[in-house]
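Asks: Have a look at the structure that comes next, please.
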Amino acid sequence: MNLAVDHLTLAHGGRDVVRDVSFEIAAGEMVAILGPNGSGKSTLLRGMARLHPPRSGRVLLDGRDIRTMNSRHVARIMAILPQAPASGLDLTVRELAFRGRYPHQGLLQRVTRRDIDAVEWALEATDALALAERPLSHLSGGERQRAWIAMALAQEPRILLLDEPTTFLDVAHQVEVMHLLRRLNARGITIVAVLHDLALAGRFTTRIIAIRDGRVAFDGPPAAVLDPQALERVFGVPMLVLPDPDTGLPIPIPRPDPALCPAATPAPAPAPRGAG
Amino acid sequence: MANMAAPAAEPAGSAPTRALPRTPWRPLAVLFIGLALLALAGYTSLMFGAVRLSPGEVWSGLTSPDDVFARNVVWQIRYPRLLDAMIVGAGLAAAGALLQGVTRNPLADPTILGVTAACGLASASLIVYDPQSPQWAIAAACVLGGLLGAAILYVIAWRGAVSPLRLTLAGVALSAFFGAAIVGLLASSRTFLQTSLGFLAGGLYGSDWRDLWAALPWFTLGILGAIALAGRLNILALGDDVAAGLGLLTDRTRLLVLATVGILTAAAVSVAGLVSFVGLVCPHIARYTIGHDNRLVIPFSALYGAILVVLADLGARLIIRPAELPMGIITAAIGAPFLLYLVRFR
């Protein structure tokens with residue numbers, strides 16, 4: 001299932017925040033969308049998920065405009081997990097996952113064997129079976145994120161869109177969520193995630209789309225996009241890109257003024273190794 | 001879904017097949033108790049009034065056409081009034097459950113948000129314009145008022161971001177405005193002051209079969225709508241973005257819910273006038289007894305609403321016998337402290 005963004009322009013508060021953006025995402029890709037705050041990356045993701053009506057342009061699923069498709073039909077193909085979903089829900093993890101079956105159910109929401117199997121599979125895939133009967137309010141941030149991903153997976157989507165799935169998590173849970181997304185991608189689900197953490201994007205995705213001022217600034221494999229010059233153009237701050245000693249993948253970090261680093265020694269700093 | 005490890009592809013082989021969700025014994029038990037309470041309260045309410053009947057006399061009044069006296073009292077006066085009480089309570093409580101679900105605000109209620117007063121204003125306008133209006137026309141006017149009130153609420157509350165505070169304040173303002181308009185209308189039409197007290201305070205004095213038949217189609221429509229919308233309310237509770245991502249048409253759902261609230265409230269107001277707090281209290285009791293699934297909360301709220309109003313009407317007839325209190329005073333006496341409790345402790 002191929003997802004295409006075709007000359008998409010999205011307005012927010014009378015201002016165009018996504019401007020004439022076009023790209024295609026093929027089945028099985030794992031894509032990160034990066035960009036500074038206010039660059040329009042979250043709005044772009046919402047537009048791709050039909051949560052934000054376009055001012056012009058289209059989003060196509062296998063060539064069909066999603067605005068002309070039945071919304072529940074779209075939901076059976078593509079799931080979206082917004083940033084910070086509702087809190088304070090009095091549901092268990094399993095009950096939440098069952099709500100993900102909505103696009104497959106009829107008016108009376110009778111539970112079928114297929115619903116039960118899909119929920120079971122979603123809980124298993126997110127490693128949430130042990131949490132299934134726990135209320136959402138009793139979970140840690142990482143567990144709660146897994147529960148929401150389980151809800152999205154219960155939709156049996158072929159494309160999963162996520163808006164900053166790691167943002168409020170500590171390091172261990174960030175890695176845990178990215179590992180989970182990789183496993184889902186290995187099972188054939190296309191993943192598109194807005195990410196804040198450049199290093200996570202560099203390690204766990206196959207393609208990075210960098211957004212600046214509502215336009216695609218760079219689009220390519222991590223090694224190409226996570227380049228000091230490219231990143232400085234996107235984020236407006238000098239960047240240093242170090243190779244991961246284990247994988248050789250780029251680890252970008254901002255390059256501050258050494259004078260503002262109180263623990264820095266005045267001695268000549270070891271020369272940074274070049275990327276790659 | 002060919003490229004996915006679809007769960008349906010491998011129906012549990014060696015592992016014991018997972019059972020369908022357990023039979024919901026608790027809701028069934030609560031349902032049984034609730035229906036028993038309703039039957040008991042209903043039968044008791046048939047015994048009391050201007051004359052007191054024994055349980056046996058009530059039974060022969062219901063079943064045998066020969067006992068003319070009991071037949072007249074029970075069949076012509078008390079039984080329709082009992083059914084009126086049930087649809088008033090069930091309608092208001094279901095409307096309250098819908099509103100609390102759609103606004104995600106535990107203080108939402110058709111009275112607090114001004115829908116009751118909108119129905120009342122429409123009905124009072126019609127009665128003042130033509131005191132001989134048939135009951136079906138009054139019910140239709142109430143529905144019109146209810147739908148208008150709900151539409152105003154929708155426009156005010158859902159322009160831009162949804163805020164429970166803004167919704168509540170808008171409701172309070174609407175409620176006060178429509179309430180003042182009703183009193184002004186009734187006061188300027190002199191002749192009505194006597195009977196309008198029962199309407200303003202809410203009561204079932206003199207409610208009969210005609211009220212029932214005029215309200216019943218709207219009530220039925222509203223209850224069926226409420227039950228059909230319950231599952232979608234569950235999805236809406238996940239937040240607008242998640243709900244829309246799941247394929248729910250969120251704005252259309254909200255409009256349908258508010259229209260249903262208008263119709264249910266109208267059915268109740270056309271029978272009993274301005275009864276308050278039933279829609280606030282009952283959904284809380286429902287959630288306390290059977291959890292947060294709206295597919296259960298809505299029908300159970302309706303059941304509890306019916307019980308509450310039948311009991312309140314019984315109390316209204318007994319407390320200052322042989323005179324009658326407006327029944328709305330009793331629901332307010334129960335509901336207002338409950339509201340204060342919610343504000344203070346929840």
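If you're wondering about the labels, chains in the structure tokens are A, B, ... by order shown, residues count from 1 in each chain, ligands from 1 in order shown.
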For Ser71 of chain A, work out the shell of residues within 10 Å, counting only C-alpha atoms and skipping chain neighbours fewer than 2 positions away, then give it as a list in words.
Replies: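 Final neighbour list, sorted by chain and number: Arg50, Ile66, Arg67, Thr68, Met69, His73, Val74, Ala75, Arg76 and Pro103 of chain A; Ala244, Gly245, Leu246, Gly247, Leu248 and Leu249 of chain B.
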Asks: Would you give me, as an mmCIF file with C-alpha atoms, in the first residue's frame, the residues in segment 58-213 of chain A that DSSP reads as helix (DSSP H, G or I)?
Replies:
data_model
loop_
_atom_site.group_PDB
_atom_site.id
_atom_site.type_symbol
_atom_site.label_atom_id
_atom_site.label_comp_id
_atom_site.auth_asym_id
_atom_site.auth_seq_id
_atom_site.Cartn_x
_atom_site.Cartn_y
_atom_site.Cartn_z
ATOM 1 C CA ILE A 66 -8.286 9.722 1.075
ATOM 2 C CA ARG A 67 -10.848 12.522 1.238
ATOM 3 C CA THR A 68 -13.051 10.645 -1.214
ATOM 4 C CA SER A 71 -13.148 7.363 6.734
ATOM 5 C CA ARG A 72 -13.507 3.944 8.366
ATOM 6 C CA HIS A 73 -12.112 2.313 5.257
ATOM 7 C CA VAL A 74 -9.047 4.577 5.544
ATOM 8 C CA ALA A 75 -8.780 3.570 9.214
ATOM 9 C CA ARG A 76 -8.576 -0.102 8.222
ATOM 10 C CA ILE A 77 -5.502 0.711 6.114
ATOM 11 C CA VAL A 93 -5.180 -1.877 28.208
ATOM 12 C CA ARG A 94 -7.291 -4.614 26.606
ATOM 13 C CA GLU A 95 -10.395 -2.406 26.551
ATOM 14 C CA LEU A 96 -8.372 0.345 24.891
ATOM 15 C CA ALA A 97 -7.082 -2.104 22.283
ATOM 16 C CA PHE A 98 -10.673 -3.216 21.595
ATOM 17 C CA ARG A 99 -11.605 0.373 20.746
ATOM 18 C CA TYR A 102 -14.084 0.350 15.716
ATOM 19 C CA PRO A 103 -13.415 0.707 11.963
ATOM 20 C CA HIS A 104 -14.026 -3.039 11.533
ATOM 21 C CA ARG A 113 -13.627 -13.919 16.837
ATOM 22 C CA ARG A 114 -11.599 -11.805 14.420
ATOM 23 C CA ASP A 115 -11.772 -8.811 16.792
ATOM 24 C CA ILE A 116 -10.542 -10.925 19.677
ATOM 25 C CA ASP A 117 -7.694 -12.375 17.638
ATOM 26 C CA ALA A 118 -6.654 -8.960 16.347
ATOM 27 C CA VAL A 119 -6.594 -7.503 19.862
ATOM 28 C CA GLU A 120 -4.656 -10.499 21.138
ATOM 29 C CA TRP A 121 -2.154 -10.106 18.323
ATOM 30 C CA ALA A 122 -1.806 -6.356 18.953
ATOM 31 C CA LEU A 123 -1.175 -6.937 22.653
ATOM 32 C CA GLU A 124 1.344 -9.645 21.895
ATOM 33 C CA ALA A 125 3.151 -7.537 19.261
ATOM 34 C CA LEU A 129 -0.187 -9.084 27.219
ATOM 35 C CA ALA A 130 1.037 -8.901 30.802
ATOM 36 C CA LEU A 131 -0.491 -5.433 31.104
ATOM 37 C CA LEU A 136 -4.265 2.859 31.858
ATOM 38 C CA SER A 137 -3.995 5.180 34.829
ATOM 39 C CA HIS A 138 -1.719 2.668 36.615
ATOM 40 C CA GLY A 141 4.752 6.445 30.397
ATOM 41 C CA GLY A 142 6.420 3.752 28.308
ATOM 42 C CA GLU A 143 3.745 1.170 29.120
ATOM 43 C CA ARG A 144 0.999 3.616 28.278
ATOM 44 C CA GLN A 145 2.627 4.380 24.924
ATOM 45 C CA ARG A 146 2.714 0.644 24.200
ATOM 46 C CA ALA A 147 -0.957 0.384 25.098
ATOM 47 C CA TRP A 148 -1.844 3.136 22.614
ATOM 48 C CA ILE A 149 0.281 1.510 19.943
ATOM 49 C CA ALA A 150 -1.600 -1.720 20.661
ATOM 50 C CA MET A 151 -4.857 0.161 20.035
ATOM 51 C CA ALA A 152 -3.521 1.405 16.699
ATOM 52 C CA LEU A 153 -2.348 -2.106 15.779
ATOM 53 C CA ALA A 154 -5.730 -3.602 16.614
ATOM 54 C CA VAL A 171 15.924 7.032 27.403
ATOM 55 C CA ALA A 172 15.188 3.375 28.119
ATOM 56 C CA HIS A 173 11.560 3.706 27.053
ATOM 57 C CA GLN A 174 12.493 5.694 23.964
ATOM 58 C CA VAL A 175 14.683 2.837 22.806
ATOM 59 C CA GLU A 176 11.997 0.331 23.758
ATOM 60 C CA VAL A 177 9.396 2.120 21.613
ATOM 61 C CA MET A 178 11.804 2.387 18.665
ATOM 62 C CA HIS A 179 12.628 -1.322 18.937
ATOM 63 C CA LEU A 180 8.922 -2.041 18.892
ATOM 64 C CA LEU A 181 8.426 0.090 15.783
ATOM 65 C CA ARG A 182 11.302 -1.719 14.087
ATOM 66 C CA ARG A 183 9.746 -5.102 14.867
ATOM 67 C CA LEU A 184 6.411 -3.933 13.460
ATOM 68 C CA ASN A 185 8.192 -2.639 10.368
ATOM 69 C CA ALA A 186 9.866 -6.033 10.001
ATOM 70 C CA LEU A 198 17.903 12.931 15.595
ATOM 71 C CA ALA A 199 20.029 10.042 16.829
ATOM 72 C CA LEU A 200 16.986 7.766 17.174
ATOM 73 C CA ALA A 201 15.901 8.754 13.680
ATOM 74 C CA GLY A 202 19.362 8.012 12.306
ATOM 75 C CA ARG A 203 19.534 4.573 13.819
ATOM 76 C CA PHE A 204 16.075 3.174 13.440
#
Asks: Check the smallest atom-to-atom distance from each of B:Ser196, B:Ser60, B:Asn294, B:Ser123 to chain A using only C-alpha atoms, then report the winner.
Replies: B:Asn294
Asks: Do a neighbour search on Asp6 of chain A at 6 Å with only C-alpha atoms, toss out local chain neighbours closer than 6 positions, and write the hits as a list in words.
Replies: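 Listing them by chain and then by number gives Ser22, Gly57, Arg58 and Val59 of chain A.
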Asks: What gap, in Å, lies between atom CA of Asp313 of chain B and atom CA of Pro326 of chain B?
Replies: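 Between atom CA of Asp313 of chain B and atom CA of Pro326 of chain B the gap is 8.2 Å.
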